[in-house]
Amino acid sequence: MDSERTQEYLEAIFKEQSKGSPASTSLLAKNLGVSAPAISDMLKHLELRGLVEHKPNEAIYLTDVGLSKALEIVRRHRLWERFLTDVLGMSWDTVHDEACKLEHIASAEVTDRLAHILGDADTCPHGQPIPDKDGNIKPEKAIPLTDFMASQQVCIMAVDVEDAKILGEIKKLGLRPKVVVKILNKKPDGSLELDAGKKKLRLSRTLAAVLLAEPVTSHLQCEVQQIPLSKLRAGHSGVLQSYAGEREQLGRCLSLGFTPGSVVEMLENYNGCPVLVKVHDTKIALGRELAEKMTVSGETE
Amino acid sequence: MKQNTQEKTVTVALAGSPNVGKSTVFNLLTGLSQHVGNWPGKTVEQKTGVVRRGNFTMNFVDLPGTYSLTANSAEEQIARDYLVKENPDVVVAILNAASLERNLYLVAELIELSPRLIIALNMIDVAQQQGIEIDTKALSASLNTPVIPIIASKNRGLDELLATIERECAQPVCPGKLHHIEYGTETKTIIDHVDGLLDDSITNPYPRHWTAMKLLEGDTQINKLVMGRVPSERFATLDSCLKANESAAVTIATLRYEWVRKMMGVAQTKRQLSRVSLTENLDRIATHPLWGLFTLLAILFIIFALVYSMGIPAQKFLDSQLVQRGREFVNNSLDVPFWFRSLLANGILSGMGTVLTFIPILVFFFAAWAFVEDVGYMARVAFVTDRFMHMLGLHGKSVMPLCLGFGCNVPAVLGTRIIDSPRSRLLTIIITPLVPCSGRMAVITFIAASFFGNQAIFVSLGLVIFSLIMLIVTGFFMNQFVIKGENTALLMELPLYHIPNPKIVGLVTWQNTMAFIKRAGTIILIVSLIVWALSIAPYGDINTSFLSQIGKFLEPVGRLMGLNWQMMIALLSSFIAKENTIASLGTLVSGQGVGLTQQLKLLLTPAGALAFLVLQVLFIPCIATVTAIYHETMSWRWPALTVAYQLVLSFSIAILIFQVARLF
């Protein structure tokens, strides 16, 4: 059994590596909060055990053995996070630190049973992929929000940060994995203006950089639910995706503001009645049969 | 119109979406100088009016309220055809500041036609209440066109608007002034490609580039025009190009909204208000599936209570003081030949005169509906009743004219203009005559009171409900078997509630009442005279007249319902105006020394009376309604169908009722 410290190191190196750029001594020092000499000592130790490859002043790589150990730890960590949110009902912004402790104590059997009762969840509450039993992990395609352009509509896939304070701020803004937002504006200072359905948000560069997202057009990968507008519950908002009705009605719908990407807020939705929605600051009554033909993506909960 | 040498006449078109207060602005600007007519070949109201200011005579044209300039409806086609073909000197776009985003979409479309554009930003007070501040200067700068803030409901800013129109007119037109919308390379390539397949002779009178865009937007009217003209060698290319780019409609609209967003970013700041607006609070009840219905019923009850407590006494007063006194005066004091006396008393006074006594009732109805409309409640009526109207193949918008029908069927038929699908509109027109109008209610109340004493109120109420059930059955039947077709779904803006402007309510009531009087003075007068002539020709005695011959001819049918020939004539005369039944009975059985109530008891059994009442509510619509149906459908087919259908319906049900009722 590796020591907790070894596990922390492997996990940190894996995380840097999975972001596309190999880890370095200074990055590790920063992430683990340890001094550079201490890192070097530890790396030597890990190299001796055949877990990492490291030449002084060069990048650090996990060996195959190191990688599979790292994946096991990451798997445990992320499963525990899921357990804390889904079973114990903790908030997703507070579970990271707890999971850090729990990840070290679980045996393989506990981990497998944990995965089983969580329905073999494939992402952690922050939206990051959970490696399976055999160490396979879904590659992350999402890129930071800061890399998108204004007017793009994106689906947040993951929150890539461990700091509880930053997580808390993100949560307070109502942002989390599977939320669809539209980037309205990019300011010179790197901050973003977002349209998050019910409200407009201002996001600092720091926050935007840790939110990983995918463009909404590649919708098959995005797990945001697409539902007919008629199924959107009152008080909820969705982003209009498509209209599948007759072409004659299309023109009227478009001129009233039902364009793809528009945020539709459901005001009233009683069974069998026409629905009442708000689009572009206007209240519109919409026959139910028409609402059934419009698709929106959004939270359904 | 005479023109001074230095005086110039200019046309000013008012464009805007529905619910932006466009008619309020128009009414305030032009007042009573306006002329109400129809757009050529269309049953859409055209309003024009003249304003003189400085050296200018400004002819204002109120374009129909439209959300866009793509021909999705008759209104939109009229508005854009007017702009393209008549080329008005100035276009004033009236926008609702409280929903600027949606309203700017129309501006985006107007810009493409490069007119001399002035923006009138209405309801800035309402916008402010919602925490919306609009920087008119910034908006004006980014659009490069004047933007005038106004509050039409408080008569503010209109003078400034007129001054701006005057100033703009004095300047030469510069076509490139407005900043056009950038559609992006991809979309622009497609538009240019279509543009290249067209030439000016094909698209005349529409601008070529604009036509190309409308084709891509799927505008059916433009499509029909161009496809009919395009040379055959280019037809296939154009057709396949349009088919391949069907999604361009969505892209263009989306890009326009992008442009709108940009303008919004420049001009609008919005504070999030913690308090819920009045509209939201009211709508929590008014649009609720259950409470909304109660609200509607309560409002209807109040209107009817007002009409019956004030309108009907006023009608009775007019009838006794003017019509009856007039008849007495003519019969006793005028020294004129017998036929002329009869013409005045029985033809004009009893016929048209009686119809005119209904003016107080109609004024109440018109005013009540104008009020409800101006408050913004009408759209909610459509919303809460939509699910019921669906069963009849209609949607909620049809309820508004039907409600109007309780006053008089004629304005109800005219009121169907608000329904955008031609099929729903036709269906509504056909069932409208089954709404018991105030004329019928007068007859029913009178006859029921004569026969059923204390129970009269229940009989009357039962007849109204029965009539409405027949309306539903008819609607269902017509929808299923006669006027087939797909129903278009409800798609309607719910405007913000606001305090009604008494001036507007007054003006609308005035216009509707005048239209009714005009009709009474023409068609109703003529038919009254024809019936009168038939009733005295050839020997001057009603019992030997042509009318009685017709009545006697019909008597065998009448007997099946327990009715004699006088009752049949009374019924027939209701074709001219429903309330004529009473007048005719008065003429036919008069002069025997007892009151009409006593006379009726001699003429009818209670079973016959019941049959007659049913017959009366379901009988063919009056001539005014029939002509209105003809005008609105522009065909004799539909009035003929309505008459035939209701004739069969009323007779068969009346026969059935009489035959059953006599068994008891």
# chains A, B, ... in the order shown; residues from 1 in each chain; ligands from 1
call {"tool": "closest_atom_pairs", "arguments": {"of": "chain B", "to": "chain A", "cutoff": "9 Å", "atoms": "only C-alpha atoms", "output": "Markdown table"}}
result
| residue | atom | partner | partner_atom | distance |
| --- | --- | --- | --- | --- |
| B:Tyr67 | CA | A:Ser255 | CA | 5.8 |
| B:Ser68 | CA | A:Ser255 | CA | 5.7 |
| B:Leu69 | CA | A:Ser255 | CA | 8.8 |
| B:Thr70 | CA | A:Gly251 | CA | 7.2 |
| B:Ala71 | CA | A:Gly251 | CA | 8.4 |
| B:Asn72 | CA | A:Arg252 | CA | 6.2 |
| B:Ser73 | CA | A:Arg252 | CA | 8.7 |
| B:Ala98 | CA | A:Asp281 | CA | 7.9 |
| B:Ser99 | CA | A:Asp281 | CA | 5.4 |
| B:Leu100 | CA | A:Asp281 | CA | 7.9 |
| B:Glu101 | CA | A:His280 | CA | 5.9 |
| B:Arg102 | CA | A:His280 | CA | 5.8 |
| B:Tyr105 | CA | A:Ser255 | CA | 7.3 |
| B:Leu106 | CA | A:Ser255 | CA | 8.1 |
| B:Glu217 | CA | A:Gly251 | CA | 7.6 |
| B:Gly218 | CA | A:Gly251 | CA | 7.5 |
| B:Asp219 | CA | A:Gly251 | CA | 7.9 |
| B:Thr220 | CA | A:Glu248 | CA | 8.2 |
| B:Ala249 | CA | A:Gly251 | CA | 7.9 |
| B:Val250 | CA | A:Thr259 | CA | 6.7 |
| B:Thr251 | CA | A:Thr259 | CA | 8.5 |
| B:Ala253 | CA | A:Leu254 | CA | 6.3 |
| B:Thr254 | CA | A:Thr259 | CA | 5.6 |
| B:Tyr257 | CA | A:Gly257 | CA | 7.8 |
| B:Glu258 | CA | A:Ser151 | CA | 8.3 |
| B:Arg284 | CA | A:Glu268 | CA | 8.9 |
| B:Thr287 | CA | A:Glu268 | CA | 8.3 |
| B:His288 | CA | A:Glu268 | CA | 8.1 |
| B:Pro289 | CA | A:Tyr270 | CA | 7.3 |
| B:Ala379 | CA | A:Ala285 | CA | 8.7 |
| B:Arg380 | CA | A:Ala285 | CA | 8.9 |
| B:Phe383 | CA | A:Ala285 | CA | 6.7 |
| B:Val384 | CA | A:Cys273 | CA | 7.8 |
| B:Thr385 | CA | A:Cys273 | CA | 8.8 |
| B:Asp386 | CA | A:Pro274 | CA | 7.0 |
| B:Arg387 | CA | A:Cys273 | CA | 5.6 |
| B:His395 | CA | A:Gly287 | CA | 8.5 |
| B:Thr488 | CA | A:Gln249 | CA | 8.0 |
| B:Ala489 | CA | A:Gly287 | CA | 5.0 |
| B:Leu490 | CA | A:Gly287 | CA | 4.4 |
| B:Leu491 | CA | A:Leu286 | CA | 4.7 |
| B:Met492 | CA | A:Ala285 | CA | 5.2 |
| B:Glu493 | CA | A:Ile284 | CA | 4.3 |
| B:Leu494 | CA | A:Lys283 | CA | 5.3 |
| B:Pro495 | CA | A:Lys283 | CA | 7.0 |
| B:Leu496 | CA | A:Lys283 | CA | 8.3 |
call {"tool": "write_last_selection", "arguments": {"atoms": "C-alpha atoms", "output": "PDB file, in the first residue's frame"}}
result
ATOM      1  CA  TYR B  67     -44.269  42.008 -36.020  1.00  0.00           C
ATOM      2  CA  SER B  68     -42.265  41.746 -39.213  1.00  0.00           C
ATOM      3  CA  LEU B  69     -42.437  42.567 -42.895  1.00  0.00           C
ATOM      4  CA  THR B  70     -42.514  38.984 -44.057  1.00  0.00           C
ATOM      5  CA  ALA B  71     -45.981  38.183 -45.364  1.00  0.00           C
ATOM      6  CA  ASN B  72     -47.193  35.870 -42.625  1.00  0.00           C
ATOM      7  CA  SER B  73     -50.592  37.543 -42.623  1.00  0.00           C
ATOM      8  CA  ALA B  98     -40.966  48.245 -22.357  1.00  0.00           C
ATOM      9  CA  SER B  99     -40.222  45.479 -24.844  1.00  0.00           C
ATOM     10  CA  LEU B 100     -37.643  47.185 -26.994  1.00  0.00           C
ATOM     11  CA  GLU B 101     -35.845  43.991 -27.893  1.00  0.00           C
ATOM     12  CA  ARG B 102     -38.751  42.443 -29.782  1.00  0.00           C
ATOM     13  CA  TYR B 105     -36.775  43.444 -34.870  1.00  0.00           C
ATOM     14  CA  LEU B 106     -39.302  45.332 -36.956  1.00  0.00           C
ATOM     15  CA  GLU B 217     -37.044  33.778 -45.543  1.00  0.00           C
ATOM     16  CA  GLY B 218     -39.808  31.661 -47.063  1.00  0.00           C
ATOM     17  CA  ASP B 219     -42.223  34.480 -47.808  1.00  0.00           C
ATOM     18  CA  THR B 220     -45.051  32.730 -49.668  1.00  0.00           C
ATOM     19  CA  ALA B 249     -34.880  31.827 -42.777  1.00  0.00           C
ATOM     20  CA  VAL B 250     -33.812  30.907 -39.279  1.00  0.00           C
ATOM     21  CA  THR B 251     -30.291  32.222 -39.786  1.00  0.00           C
ATOM     22  CA  ALA B 253     -33.912  36.006 -38.203  1.00  0.00           C
ATOM     23  CA  THR B 254     -31.233  34.990 -35.718  1.00  0.00           C
ATOM     24  CA  TYR B 257     -31.812  39.428 -33.310  1.00  0.00           C
ATOM     25  CA  GLU B 258     -28.039  39.560 -32.909  1.00  0.00           C
ATOM     26  CA  ARG B 284     -51.420  35.152 -11.773  1.00  0.00           C
ATOM     27  CA  THR B 287     -54.455  33.588 -16.906  1.00  0.00           C
ATOM     28  CA  HIS B 288     -54.933  30.757 -14.426  1.00  0.00           C
ATOM     29  CA  PRO B 289     -56.938  27.908 -15.968  1.00  0.00           C
ATOM     30  CA  ALA B 379     -55.672  38.779 -25.055  1.00  0.00           C
ATOM     31  CA  ARG B 380     -56.192  37.028 -21.690  1.00  0.00           C
ATOM     32  CA  PHE B 383     -55.744  32.674 -23.590  1.00  0.00           C
ATOM     33  CA  VAL B 384     -58.102  31.194 -20.993  1.00  0.00           C
ATOM     34  CA  THR B 385     -60.729  30.096 -23.490  1.00  0.00           C
ATOM     35  CA  ASP B 386     -58.313  28.604 -25.987  1.00  0.00           C
ATOM     36  CA  ARG B 387     -58.632  25.027 -24.780  1.00  0.00           C
ATOM     37  CA  HIS B 395     -58.644  29.148 -30.939  1.00  0.00           C
ATOM     38  CA  THR B 488     -53.384  27.044 -36.749  1.00  0.00           C
ATOM     39  CA  ALA B 489     -52.161  27.228 -33.220  1.00  0.00           C
ATOM     40  CA  LEU B 490     -52.577  30.166 -30.927  1.00  0.00           C
ATOM     41  CA  LEU B 491     -49.595  32.491 -31.097  1.00  0.00           C
ATOM     42  CA  MET B 492     -50.259  35.814 -29.522  1.00  0.00           C
ATOM     43  CA  GLU B 493     -48.593  38.479 -27.488  1.00  0.00           C
ATOM     44  CA  LEU B 494     -50.065  39.270 -24.074  1.00  0.00           C
ATOM     45  CA  PRO B 495     -49.576  43.010 -23.699  1.00  0.00           C
ATOM     46  CA  LEU B 496     -48.885  44.680 -20.392  1.00  0.00           C
TER      47      LEU B 496
END
call {"tool": "residues_around", "arguments": {"residues": "region 123-140 of chain A", "least_positions_apart": "3", "cutoff": "9 Å", "atoms": "only C-alpha atoms", "output": "VMD selection string"}}
result
chain A and resid 18 to 19 67 to 69 71 to 72 74 to 82 85 to 86 92 to 93 95 111 to 112 115 120 143 156 to 161 176 to 178 212
call {"tool": "write_last_selection", "arguments": {"atoms": "N, CA and C atoms", "output": "mmCIF file, in the first residue's frame"}}
result
data_model
loop_
_atom_site.group_PDB
_atom_site.id
_atom_site.type_symbol
_atom_site.label_atom_id
_atom_site.label_comp_id
_atom_site.auth_asym_id
_atom_site.auth_seq_id
_atom_site.Cartn_x
_atom_site.Cartn_y
_atom_site.Cartn_z
ATOM 1 N N SER A 18 -3.348 15.167 -17.563
ATOM 2 C CA SER A 18 -4.604 15.011 -18.310
ATOM 3 C C SER A 18 -5.075 16.338 -18.906
ATOM 4 N N LYS A 19 -4.469 17.425 -18.434
ATOM 5 C CA LYS A 19 -4.826 18.710 -19.032
ATOM 6 C C LYS A 19 -4.077 18.920 -20.343
ATOM 7 N N LEU A 67 0.646 5.366 -13.735
ATOM 8 C CA LEU A 67 -0.617 5.821 -14.293
ATOM 9 C C LEU A 67 -1.783 5.017 -13.748
ATOM 10 N N SER A 68 -1.598 3.673 -13.719
ATOM 11 C CA SER A 68 -2.738 2.872 -13.281
ATOM 12 C C SER A 68 -3.023 3.102 -11.797
ATOM 13 N N LYS A 69 -1.958 3.344 -11.009
ATOM 14 C CA LYS A 69 -2.172 3.678 -9.606
ATOM 15 C C LYS A 69 -2.895 5.022 -9.482
ATOM 16 N N LEU A 71 -4.851 6.424 -11.623
ATOM 17 C CA LEU A 71 -6.251 6.282 -12.032
ATOM 18 C C LEU A 71 -7.109 5.693 -10.922
ATOM 19 N N GLU A 72 -6.519 4.742 -10.210
ATOM 20 C CA GLU A 72 -7.262 4.150 -9.090
ATOM 21 C C GLU A 72 -7.611 5.215 -8.047
ATOM 22 N N VAL A 74 -7.742 8.496 -8.492
ATOM 23 C CA VAL A 74 -8.694 9.458 -9.048
ATOM 24 C C VAL A 74 -10.099 8.865 -9.034
ATOM 25 N N ARG A 75 -10.163 7.582 -9.384
ATOM 26 C CA ARG A 75 -11.455 6.900 -9.383
ATOM 27 C C ARG A 75 -12.065 6.932 -7.987
ATOM 28 N N ARG A 76 -11.275 6.615 -6.982
ATOM 29 C CA ARG A 76 -11.799 6.594 -5.619
ATOM 30 C C ARG A 76 -12.251 7.996 -5.190
ATOM 31 N N HIS A 77 -11.366 8.952 -5.510
ATOM 32 C CA HIS A 77 -11.683 10.329 -5.121
ATOM 33 C C HIS A 77 -13.032 10.780 -5.699
ATOM 34 N N ARG A 78 -13.167 10.543 -6.982
ATOM 35 C CA ARG A 78 -14.373 11.046 -7.661
ATOM 36 C C ARG A 78 -15.615 10.264 -7.270
ATOM 37 N N LEU A 79 -15.442 8.981 -7.016
ATOM 38 C CA LEU A 79 -16.589 8.199 -6.549
ATOM 39 C C LEU A 79 -17.052 8.671 -5.178
ATOM 40 N N TRP A 80 -16.064 8.937 -4.317
ATOM 41 C CA TRP A 80 -16.435 9.425 -2.982
ATOM 42 C C TRP A 80 -17.158 10.761 -3.071
ATOM 43 N N GLU A 81 -16.701 11.588 -3.984
ATOM 44 C CA GLU A 81 -17.391 12.881 -4.155
ATOM 45 C C GLU A 81 -18.855 12.664 -4.534
ATOM 46 N N ARG A 82 -19.054 11.759 -5.456
ATOM 47 C CA ARG A 82 -20.418 11.422 -5.873
ATOM 48 C C ARG A 82 -21.238 10.914 -4.693
ATOM 49 N N THR A 85 -22.278 13.713 -2.408
ATOM 50 C CA THR A 85 -23.383 14.553 -2.901
ATOM 51 C C THR A 85 -24.663 13.743 -3.056
ATOM 52 N N ASP A 86 -24.547 12.609 -3.745
ATOM 53 C CA ASP A 86 -25.760 11.889 -4.105
ATOM 54 C C ASP A 86 -26.390 11.158 -2.927
ATOM 55 N N TRP A 92 -22.171 20.206 -3.799
ATOM 56 C CA TRP A 92 -21.045 19.798 -4.642
ATOM 57 C C TRP A 92 -19.810 20.663 -4.512
ATOM 58 N N ASP A 93 -19.970 21.864 -3.976
ATOM 59 C CA ASP A 93 -18.801 22.719 -3.852
ATOM 60 C C ASP A 93 -17.989 22.427 -2.582
ATOM 61 N N VAL A 95 -17.412 19.087 -1.295
ATOM 62 C CA VAL A 95 -17.061 17.684 -1.093
ATOM 63 C C VAL A 95 -15.600 17.341 -1.387
ATOM 64 N N THR A 111 -14.364 0.215 -3.084
ATOM 65 C CA THR A 111 -14.493 1.082 -4.260
ATOM 66 C C THR A 111 -15.484 0.508 -5.264
ATOM 67 N N ASP A 112 -15.367 -0.790 -5.544
ATOM 68 C CA ASP A 112 -16.272 -1.395 -6.517
ATOM 69 C C ASP A 112 -17.721 -1.340 -6.059
ATOM 70 N N ALA A 115 -18.959 2.145 -6.436
ATOM 71 C CA ALA A 115 -19.310 2.428 -7.832
ATOM 72 C C ALA A 115 -20.666 1.806 -8.148
ATOM 73 N N ASP A 120 -22.700 3.103 -11.229
ATOM 74 C CA ASP A 120 -21.548 3.255 -12.117
ATOM 75 C C ASP A 120 -21.504 4.639 -12.739
ATOM 76 N N ILE A 143 -13.304 22.596 -23.185
ATOM 77 C CA ILE A 143 -12.219 23.575 -23.070
ATOM 78 C C ILE A 143 -12.682 24.733 -22.186
ATOM 79 N N ILE A 156 -21.759 23.910 -20.109
ATOM 80 C CA ILE A 156 -20.688 23.694 -19.133
ATOM 81 C C ILE A 156 -20.604 22.202 -18.841
ATOM 82 N N MET A 157 -19.403 21.642 -18.973
ATOM 83 C CA MET A 157 -19.247 20.214 -18.774
ATOM 84 C C MET A 157 -18.604 19.890 -17.425
ATOM 85 N N ALA A 158 -17.668 20.723 -16.995
ATOM 86 C CA ALA A 158 -16.960 20.409 -15.768
ATOM 87 C C ALA A 158 -16.446 21.681 -15.107
ATOM 88 N N VAL A 159 -16.231 21.576 -13.807
ATOM 89 C CA VAL A 159 -15.626 22.679 -13.068
ATOM 90 C C VAL A 159 -14.268 22.178 -12.608
ATOM 91 N N ASP A 160 -13.207 22.740 -13.154
ATOM 92 C CA ASP A 160 -11.887 22.191 -12.930
ATOM 93 C C ASP A 160 -11.133 23.013 -11.890
ATOM 94 N N VAL A 161 -11.539 22.901 -10.654
ATOM 95 C CA VAL A 161 -10.861 23.624 -9.593
ATOM 96 C C VAL A 161 -11.143 22.902 -8.281
ATOM 97 N N ARG A 176 -23.089 25.230 -12.943
ATOM 98 C CA ARG A 176 -22.623 23.890 -12.600
ATOM 99 C C ARG A 176 -22.654 23.055 -13.867
ATOM 100 N N PRO A 177 -22.111 21.842 -13.835
ATOM 101 C CA PRO A 177 -22.115 21.037 -15.048
ATOM 102 C C PRO A 177 -23.529 20.868 -15.595
ATOM 103 N N LYS A 178 -23.623 20.818 -16.922
ATOM 104 C CA LYS A 178 -24.860 20.621 -17.673
ATOM 105 C C LYS A 178 -25.740 21.859 -17.770
ATOM 106 N N LEU A 212 -15.072 24.331 -17.686
ATOM 107 C CA LEU A 212 -14.819 23.686 -18.964
ATOM 108 C C LEU A 212 -16.149 23.490 -19.673
#
call {"tool": "residues_around", "arguments": {"residues": "Leu110 (chain B)", "least_positions_apart": "4", "cutoff": "12 Å", "atoms": "only C-alpha atoms", "output": "ChimeraX atom specification"}}
result
/B:13-17,66-70,79-80,83-84,90-94,103-106,114-119,143,178-181,210,256
call {"tool": "write_last_selection", "arguments": {"atoms": "C-alpha atoms", "output": "tab-separated table (two decimals), in the first residue's frame"}}
result
chain	number	residue	atom	x	y	z
B	13	ALA	CA	-46.76	56.05	-42.56
B	14	LEU	CA	-47.04	54.81	-38.98
B	15	ALA	CA	-45.53	51.37	-38.61
B	16	GLY	CA	-45.29	49.25	-35.49
B	17	SER	CA	-46.09	45.96	-33.87
B	66	THR	CA	-47.12	43.83	-37.68
B	67	TYR	CA	-44.27	42.01	-36.02
B	68	SER	CA	-42.27	41.75	-39.21
B	69	LEU	CA	-42.44	42.57	-42.89
B	70	THR	CA	-42.51	38.98	-44.06
B	79	ALA	CA	-47.81	47.05	-44.50
B	80	ARG	CA	-44.83	46.11	-46.60
B	83	LEU	CA	-43.99	50.83	-47.89
B	84	VAL	CA	-42.59	49.46	-51.14
B	90	VAL	CA	-41.53	59.44	-43.82
B	91	VAL	CA	-41.94	56.20	-41.93
B	92	VAL	CA	-42.49	56.57	-38.21
B	93	ALA	CA	-41.76	53.33	-36.39
B	94	ILE	CA	-43.57	53.27	-33.08
B	103	ASN	CA	-39.77	45.80	-31.23
B	104	LEU	CA	-36.35	46.53	-32.70
B	105	TYR	CA	-36.78	43.44	-34.87
B	106	LEU	CA	-39.30	45.33	-36.96
B	114	SER	CA	-34.17	52.42	-46.52
B	115	PRO	CA	-36.96	54.84	-45.80
B	116	ARG	CA	-36.69	58.19	-44.07
B	117	LEU	CA	-37.13	56.66	-40.68
B	118	ILE	CA	-38.12	58.22	-37.38
B	119	ILE	CA	-38.35	56.13	-34.23
B	143	LEU	CA	-29.20	53.81	-35.87
B	178	LEU	CA	-29.26	54.06	-42.22
B	179	HIS	CA	-26.74	51.53	-41.03
B	180	HIS	CA	-27.62	48.23	-42.58
B	181	ILE	CA	-27.40	44.94	-40.82
B	210	TRP	CA	-34.71	42.64	-50.60
B	256	ARG	CA	-31.38	40.21	-36.97
call {"tool": "select_by_dssp", "arguments": {"residues": "region 193-229 of chain B", "states": "alpha helix (DSSP H)", "output": "mmCIF file with N, CA and C atoms, in the first residue's frame"}}
result
data_model
loop_
_atom_site.group_PDB
_atom_site.id
_atom_site.type_symbol
_atom_site.label_atom_id
_atom_site.label_comp_id
_atom_site.auth_asym_id
_atom_site.auth_seq_id
_atom_site.Cartn_x
_atom_site.Cartn_y
_atom_site.Cartn_z
ATOM 1 N N HIS B 193 -26.232 35.163 -54.090
ATOM 2 C CA HIS B 193 -26.422 34.136 -55.108
ATOM 3 C C HIS B 193 -27.857 34.170 -55.640
ATOM 4 N N VAL B 194 -28.802 34.229 -54.705
ATOM 5 C CA VAL B 194 -30.213 34.309 -55.112
ATOM 6 C C VAL B 194 -30.447 35.609 -55.864
ATOM 7 N N ASP B 195 -29.897 36.689 -55.344
ATOM 8 C CA ASP B 195 -30.003 37.998 -55.980
ATOM 9 C C ASP B 195 -29.547 37.904 -57.440
ATOM 10 N N GLY B 196 -28.424 37.195 -57.674
ATOM 11 C CA GLY B 196 -27.871 37.055 -59.019
ATOM 12 C C GLY B 196 -28.785 36.311 -59.980
ATOM 13 N N LEU B 197 -29.654 35.480 -59.410
ATOM 14 C CA LEU B 197 -30.571 34.721 -60.267
ATOM 15 C C LEU B 197 -31.799 35.541 -60.657
ATOM 16 N N ASP B 200 -34.386 42.956 -62.108
ATOM 17 C CA ASP B 200 -35.367 43.933 -61.635
ATOM 18 C C ASP B 200 -36.758 43.723 -62.204
ATOM 19 N N SER B 201 -36.831 43.227 -63.459
ATOM 20 C CA SER B 201 -38.158 43.065 -64.052
ATOM 21 C C SER B 201 -38.927 41.943 -63.351
ATOM 22 N N ILE B 202 -38.190 40.984 -62.809
ATOM 23 C CA ILE B 202 -38.854 39.892 -62.109
ATOM 24 C C ILE B 202 -39.391 40.367 -60.762
ATOM 25 N N THR B 203 -38.612 41.169 -60.084
ATOM 26 C CA THR B 203 -38.976 41.509 -58.715
ATOM 27 C C THR B 203 -39.800 42.783 -58.607
ATOM 28 N N ARG B 208 -34.595 44.343 -55.586
ATOM 29 C CA ARG B 208 -34.127 43.005 -55.942
ATOM 30 C C ARG B 208 -33.471 42.286 -54.762
ATOM 31 N N HIS B 209 -32.563 43.002 -54.117
ATOM 32 C CA HIS B 209 -31.822 42.375 -53.023
ATOM 33 C C HIS B 209 -32.778 41.982 -51.890
ATOM 34 N N TRP B 210 -33.716 42.869 -51.646
ATOM 35 C CA TRP B 210 -34.713 42.640 -50.597
ATOM 36 C C TRP B 210 -35.552 41.409 -50.947
ATOM 37 N N THR B 211 -35.930 41.303 -52.228
ATOM 38 C CA THR B 211 -36.719 40.159 -52.679
ATOM 39 C C THR B 211 -35.950 38.856 -52.459
ATOM 40 N N ALA B 212 -34.653 38.904 -52.777
ATOM 41 C CA ALA B 212 -33.826 37.710 -52.594
ATOM 42 C C ALA B 212 -33.875 37.256 -51.142
ATOM 43 N N MET B 213 -33.813 38.223 -50.247
ATOM 44 C CA MET B 213 -33.829 37.897 -48.826
ATOM 45 C C MET B 213 -35.180 37.319 -48.426
ATOM 46 N N LYS B 214 -36.264 37.904 -48.914
ATOM 47 C CA LYS B 214 -37.605 37.423 -48.583
ATOM 48 C C LYS B 214 -37.817 36.009 -49.122
ATOM 49 N N LEU B 215 -37.262 35.742 -50.295
ATOM 50 C CA LEU B 215 -37.377 34.383 -50.850
ATOM 51 C C LEU B 215 -36.735 33.387 -49.895
ATOM 52 N N LEU B 216 -35.569 33.751 -49.408
ATOM 53 C CA LEU B 216 -34.860 32.867 -48.484
ATOM 54 C C LEU B 216 -35.597 32.761 -47.152
ATOM 55 N N THR B 220 -44.255 33.428 -48.645
ATOM 56 C CA THR B 220 -45.051 32.730 -49.668
ATOM 57 C C THR B 220 -45.505 33.656 -50.786
ATOM 58 N N GLN B 221 -45.882 34.882 -50.409
ATOM 59 C CA GLN B 221 -46.400 35.777 -51.440
ATOM 60 C C GLN B 221 -45.305 36.151 -52.441
ATOM 61 N N ILE B 222 -44.128 36.505 -51.942
ATOM 62 C CA ILE B 222 -43.000 36.858 -52.811
ATOM 63 C C ILE B 222 -42.594 35.637 -53.651
ATOM 64 N N ASN B 223 -42.602 34.494 -53.005
ATOM 65 C CA ASN B 223 -42.230 33.264 -53.688
ATOM 66 C C ASN B 223 -43.138 33.014 -54.893
ATOM 67 N N LYS B 224 -44.440 33.216 -54.668
ATOM 68 C CA LYS B 224 -45.409 32.992 -55.740
ATOM 69 C C LYS B 224 -45.169 33.972 -56.884
ATOM 70 N N LEU B 225 -44.943 35.229 -56.508
ATOM 71 C CA LEU B 225 -44.729 36.270 -57.512
ATOM 72 C C LEU B 225 -43.493 35.967 -58.361
ATOM 73 N N VAL B 226 -42.387 35.674 -57.699
ATOM 74 C CA VAL B 226 -41.124 35.479 -58.410
ATOM 75 C C VAL B 226 -41.152 34.200 -59.228
ATOM 76 N N MET B 227 -41.659 33.122 -58.621
ATOM 77 C CA MET B 227 -41.678 31.850 -59.331
ATOM 78 C C MET B 227 -42.568 31.904 -60.569
ATOM 79 N N GLY B 228 -43.565 32.791 -60.524
ATOM 80 C CA GLY B 228 -44.432 32.948 -61.685
ATOM 81 C C GLY B 228 -43.760 33.731 -62.800
ATOM 82 N N ARG B 229 -42.742 34.500 -62.439
ATOM 83 C CA ARG B 229 -42.140 35.391 -63.436
ATOM 84 C C ARG B 229 -40.769 34.934 -63.922
#
